[in-house]
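Structure data (compact mmCIF, C-alpha atoms) from final.txt:
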```
# COMPACT_ATOMS: atom_id res chain seq x y z
CA MET A 193 12.65 -21.72 10.32
CA ALA A 194 9.45 -23.78 10.14
CA ASP A 195 9.36 -27.56 9.79
CA HIS A 196 6.65 -27.53 7.12
CA TYR A 197 6.57 -25.52 3.89
CA ARG A 198 4.45 -25.37 0.76
CA PHE A 199 6.22 -24.44 -2.50
CA VAL A 200 5.04 -23.90 -6.06
CA ILE A 201 7.72 -24.73 -8.64
CA ALA A 202 6.91 -23.05 -11.96
CA ASP A 203 9.02 -24.11 -14.93
CA ASP A 204 8.06 -25.60 -18.29
CA HIS A 205 10.99 -28.04 -18.27
CA PRO A 206 10.09 -31.20 -16.29
CA LEU A 207 13.74 -32.15 -15.84
CA PHE A 208 14.54 -28.84 -14.19
CA ARG A 209 11.42 -29.03 -12.03
CA GLY A 210 12.73 -32.39 -10.89
CA ALA A 211 16.13 -30.88 -10.17
CA LEU A 212 14.49 -28.13 -8.11
CA ILE A 213 12.51 -30.68 -6.13
CA GLN A 214 15.69 -32.59 -5.35
CA ALA A 215 17.48 -29.37 -4.39
CA THR A 216 14.72 -28.26 -2.02
CA GLU A 217 13.77 -31.55 -0.38
CA LYS A 218 16.24 -31.09 2.49
CA ILE A 219 15.00 -27.62 3.42
CA ALA A 220 12.31 -28.83 5.84
CA LYS A 221 11.10 -32.00 7.55
CA LYS A 222 7.90 -31.77 5.52
CA LEU A 223 7.70 -30.07 2.14
CA ASP A 224 4.60 -29.95 -0.04
CA ILE A 225 5.32 -29.05 -3.67
CA ILE A 226 2.99 -28.27 -6.54
CA GLU A 227 4.54 -28.29 -10.00
CA ALA A 228 3.38 -25.90 -12.72
CA ALA A 229 4.40 -26.08 -16.38
CA THR A 230 2.52 -22.96 -17.55
CA PHE A 231 1.79 -19.57 -16.05
CA GLU A 232 -1.91 -20.42 -15.87
CA GLU A 233 -1.05 -23.52 -13.83
CA THR A 234 1.18 -21.38 -11.61
CA VAL A 235 -1.63 -18.99 -10.71
CA ALA A 236 -4.03 -21.91 -10.16
CA ALA A 237 -1.48 -23.61 -7.90
CA VAL A 238 -1.06 -20.56 -5.68
CA LEU A 239 -4.83 -20.15 -5.50
CA ALA A 240 -5.16 -23.81 -4.51
CA GLN A 241 -2.69 -23.35 -1.66
CA ASN A 242 -3.86 -20.50 0.54
CA ASP A 243 -0.76 -20.92 2.66
CA THR A 244 1.85 -21.05 -0.12
CA ASP A 245 5.20 -20.13 1.41
CA LEU A 246 7.22 -19.62 -1.77
CA VAL A 247 6.97 -19.58 -5.56
CA LEU A 248 10.05 -20.52 -7.59
CA LEU A 249 9.38 -18.90 -10.96
CA ASP A 250 11.00 -19.19 -14.36
CA LEU A 251 10.67 -15.87 -16.20
CA SER A 252 9.96 -17.50 -19.55
CA MET A 253 7.28 -20.19 -19.78
CA PRO A 254 4.03 -20.79 -21.70
CA GLY A 255 1.59 -17.99 -21.02
CA VAL A 256 4.17 -15.37 -20.07
CA GLN A 257 7.43 -13.86 -21.30
CA GLY A 258 9.67 -11.54 -19.35
CA PHE A 259 8.60 -9.75 -16.20
CA SER A 260 4.83 -9.68 -16.69
CA GLY A 261 4.33 -12.97 -14.83
CA LEU A 262 6.36 -11.77 -11.87
CA LEU A 263 4.48 -8.48 -11.91
CA TYR A 264 1.14 -10.27 -11.91
CA LEU A 265 2.04 -12.66 -9.08
CA ARG A 266 3.30 -9.83 -6.89
CA ALA A 267 0.11 -7.84 -7.52
CA GLN A 268 -2.28 -10.77 -7.11
CA PHE A 269 -0.51 -12.46 -4.17
CA PRO A 270 1.45 -9.74 -2.34
CA GLY A 271 1.98 -11.94 0.71
CA VAL A 272 3.63 -14.79 -1.21
CA PRO A 273 7.40 -14.44 -1.81
CA VAL A 274 8.50 -15.10 -5.39
CA VAL A 275 12.04 -16.18 -6.23
CA VAL A 276 13.06 -16.02 -9.88
CA VAL A 277 15.01 -19.06 -11.06
CA SER A 278 16.39 -18.33 -14.51
CA ALA A 279 19.15 -19.21 -16.93
CA THR A 280 19.76 -15.50 -17.50
CA GLU A 281 22.53 -14.12 -15.31
CA GLU A 282 22.65 -10.53 -16.59
CA ALA A 283 22.83 -8.00 -13.78
CA ALA A 284 20.21 -5.76 -15.44
CA ILE A 285 17.67 -8.59 -15.47
CA ILE A 286 18.36 -9.42 -11.83
CA ARG A 287 18.05 -5.74 -10.89
CA ARG A 288 14.73 -5.44 -12.72
CA SER A 289 13.39 -8.61 -11.07
CA LEU A 290 14.05 -7.05 -7.68
CA ASP A 291 12.39 -3.83 -8.83
CA PHE A 292 9.27 -5.85 -9.64
CA GLY A 293 9.21 -7.37 -6.17
CA ALA A 294 11.13 -10.63 -6.44
CA SER A 295 12.43 -11.83 -3.06
CA GLY A 296 15.44 -13.40 -4.71
CA TYR A 297 17.08 -14.37 -7.98
CA ILE A 298 18.75 -17.75 -8.38
CA PRO A 299 20.64 -18.54 -11.61
CA LYS A 300 20.04 -22.07 -12.86
CA SER A 301 23.79 -22.58 -12.95
CA VAL A 302 24.18 -22.60 -9.15
CA GLY A 303 24.66 -25.86 -7.29
CA ALA A 304 22.04 -27.54 -5.13
CA GLU A 305 23.64 -26.47 -1.84
CA GLN A 306 23.81 -22.82 -2.83
CA MET A 307 20.22 -23.02 -4.08
CA ARG A 308 19.09 -24.38 -0.71
CA ALA A 309 21.01 -21.62 1.08
CA ALA A 310 19.35 -19.01 -1.13
CA ILE A 311 15.86 -20.38 -0.48
CA ARG A 312 16.51 -20.61 3.26
CA ALA A 313 17.63 -16.99 3.26
CA VAL A 314 14.42 -15.89 1.54
CA LEU A 315 12.29 -17.94 3.93
CA ASP A 316 14.06 -16.14 6.76
CA GLY A 317 13.04 -12.81 5.25
CA ALA A 318 16.17 -11.86 3.33
CA VAL A 319 16.50 -10.95 -0.35
CA TRP A 320 19.00 -13.24 -2.07
CA THR A 321 21.00 -12.52 -5.22
CA PRO A 322 24.23 -14.09 -6.50
CA PRO A 323 27.19 -12.98 -4.38
CA ASP A 324 29.82 -10.61 -5.78
CA LEU A 325 27.27 -9.16 -8.21
CA ASP A 326 27.21 -5.38 -8.63
CA LEU A 327 23.56 -4.40 -8.95
CA GLU A 328 24.11 -0.72 -8.15
CA HIS A 329 25.38 0.01 -11.65
CA ALA A 330 22.90 -2.30 -13.37
CA ASP A 331 20.04 0.17 -13.14
CA ASP A 332 18.63 2.28 -15.95
CA GLY A 333 16.91 5.39 -14.64
CA GLU A 334 14.20 5.47 -17.31
CA ALA A 335 13.48 1.75 -17.07
CA ALA A 336 13.39 1.94 -13.27
CA HIS A 337 10.89 4.78 -13.48
CA MET A 338 8.61 2.76 -15.76
CA ALA A 339 9.04 -0.31 -13.54
CA ALA A 340 7.80 1.74 -10.60
CA ARG A 341 4.76 2.82 -12.61
CA LEU A 342 4.03 -0.74 -13.73
CA SER A 343 4.16 -1.89 -10.12
CA THR A 344 1.16 0.33 -9.32
CA LEU A 345 -1.14 -1.67 -11.61
CA THR A 346 -3.79 -3.86 -10.04
CA PRO A 347 -3.82 -7.61 -10.85
CA GLN A 348 -6.66 -7.13 -13.33
CA GLN A 349 -4.87 -4.22 -14.98
CA VAL A 350 -1.76 -6.37 -15.34
CA ARG A 351 -3.85 -9.05 -17.03
CA VAL A 352 -5.34 -6.48 -19.41
CA LEU A 353 -1.88 -5.14 -20.25
CA MET A 354 -0.63 -8.68 -20.91
CA MET A 355 -3.54 -9.18 -23.30
CA LEU A 356 -2.90 -5.85 -25.00
CA ASN A 357 0.63 -7.06 -25.53
CA ARG A 358 -0.82 -10.11 -27.31
CA GLY A 359 -2.65 -7.79 -29.66
CA LEU A 360 -6.15 -8.57 -28.39
CA LEU A 361 -8.99 -6.12 -28.96
CA ASN A 362 -11.20 -4.86 -26.15
CA LYS A 363 -13.96 -7.25 -27.22
CA GLN A 364 -11.60 -10.23 -27.06
CA ILE A 365 -10.21 -9.16 -23.68
CA ALA A 366 -13.75 -8.76 -22.33
CA TYR A 367 -14.57 -12.30 -23.48
CA GLU A 368 -11.48 -13.83 -21.86
CA LEU A 369 -11.98 -11.96 -18.58
CA GLU A 370 -15.75 -12.44 -18.64
CA VAL A 371 -16.41 -8.73 -18.14
CA SER A 372 -18.05 -6.02 -20.23
CA GLU A 373 -16.22 -4.02 -22.89
CA ALA A 374 -16.93 -0.92 -20.81
CA THR A 375 -15.01 -2.49 -17.92
CA VAL A 376 -12.09 -3.25 -20.22
CA LYS A 377 -12.09 0.34 -21.51
CA ALA A 378 -12.00 1.57 -17.91
CA HIS A 379 -9.02 -0.67 -17.19
CA VAL A 380 -7.21 0.53 -20.32
CA SER A 381 -7.81 4.17 -19.35
CA ALA A 382 -6.45 3.50 -15.85
CA ILE A 383 -3.39 1.76 -17.32
CA LEU A 384 -2.64 4.70 -19.61
CA GLN A 385 -2.95 7.12 -16.72
CA LYS A 386 -0.72 5.10 -14.39
CA LEU A 387 1.95 4.61 -17.07
CA GLY A 388 1.79 8.24 -18.19
CA VAL A 389 1.13 7.42 -21.86
CA ASP A 390 -1.52 8.47 -24.35
CA SER A 391 -2.39 5.27 -26.22
CA ARG A 392 -2.59 1.52 -25.77
CA THR A 393 0.23 1.15 -28.29
CA GLN A 394 2.47 3.35 -26.16
CA ALA A 395 1.51 1.32 -23.08
CA VAL A 396 2.57 -1.91 -24.77
CA ILE A 397 5.80 -0.32 -26.01
CA ALA A 398 6.56 0.97 -22.52
CA ALA A 399 5.95 -2.42 -20.92
CA THR A 400 7.83 -4.48 -23.49
CA GLY A 401 10.67 -1.95 -23.63
CA ILE A 402 11.79 -3.08 -20.18
CA ASP A 403 12.39 -6.55 -21.60
CA ALA A 404 13.97 -5.32 -24.82
CA GLY A 405 17.22 -7.02 -25.69
CA ALA A 406 17.26 -9.19 -22.59
CA TRP A 407 15.77 -12.46 -23.77
CA PRO A 408 17.25 -13.25 -27.21
CA ASN A 409 20.64 -13.84 -25.59
CA GLU A 410 19.34 -16.14 -22.87
CA PRO A 411 21.56 -19.23 -22.62
CA PRO A 412 20.01 -22.63 -23.33
CA ARG A 413 18.40 -24.33 -20.34
```

Could you express the structure from this file as structure tokens?
Amino acid sequence: MADHYRFVIADDHPLFRGALIQATEKIAKKLDIIEAATFEETVAAVLAQNDTDLVLLDLSMPGVQGFSGLLYLRAQFPGVPVVVVSATEEAAIIRRSLDFGASGYIPKSVGAEQMRAAIRAVLDGAVWTPPDLDLEHADDGEAAHMAARLSTLTPQQVRVLMMLNRGLLNKQIAYELEVSEATVKAHVSAILQKLGVDSRTQAVIAATGIDAGAWPNEPPR
């Protein structure tokens, strides 16, 4: 294990970011950490650190809800491991996080020592999930199939899908992405083809359906 690491800690709760910093400070002799309170800040932080070693990501924070943020980070920065750190401990959510490319899933309820062990395991190339958790029976065939399709989207296509989910029109998406409407239409067409659906509404339903029912029951953080 290296003596110097660069982490991005992405969570909208400053107290928990502080707790994560304390939990990780003993992992290496030198540890550089960038804190991010929104998803936009998270992406900017990874871009600012070309040699980011790890992103610790909350699934729900300003600018993103559910798996779309994880999906985007894995598409945009495939060489940067992402570990989900969440209050949700449902096996189905953990299984889906792994399907979308997470290198680990750490519940916020674990102690600092176990959190350090989990992060060390990921840095060593392993995939870490809570022990004694049965993920084999936490899979839904239809959802897994759609997750595989979603994982084929390019970073820009993920961004377009996230904006479709917000109800933005092609013109508004083009403005935010600083591209032409024709480019947006091309992205939408590619998204529909990759997801195997016929309309943008069906694409949004397919994407949000993976999150359905998971987040309302999330315990307080």

* Structure fact -> Atom pair atom CA of A:Ala240 + atom CA of A:Phe269, distance 12.3 Å

* To do: Kindly indicate which residue among A:Leu369, A:Ala395, A:Ile201, A:Ala309 lies nearest to A:Gln348, using all atoms listed in the file for the distances.
  => A:Leu369

* Asked: Could you pull the residues within 8 Å of stretch 205-215 of chain A, counting all atoms listed in the file, minus those fewer than 5 positions along the same chain, as a ChimeraX atom specification?
  -> /A:225,227,229,304-305,307-308

* Asked: Do you know which residues lie at most 12 Å from (10.0, -14.5, -17.2), with coordinates as in the file and all atoms listed in the file counted, and could you write them as a PyMOL selection string?
  -> chain A and resi 202-204+230-231+248-265+274-280+285-286+288-289+292+294+297+402-403+406-407+410

* Counting all atoms listed in the file, what is within 8 Å of A:Pro322, bar same-chain residues fewer than 2 positions away, as a PyMOL selection string? -> chain A and resi 297-299+320+324-325

* **9 Å contact set for stretch 357-359 of chain A, all atoms listed in the file, chain neighbours under 5 positions out, as a PyMOL selection string** => chain A and resi 352+393+395-397+399-400
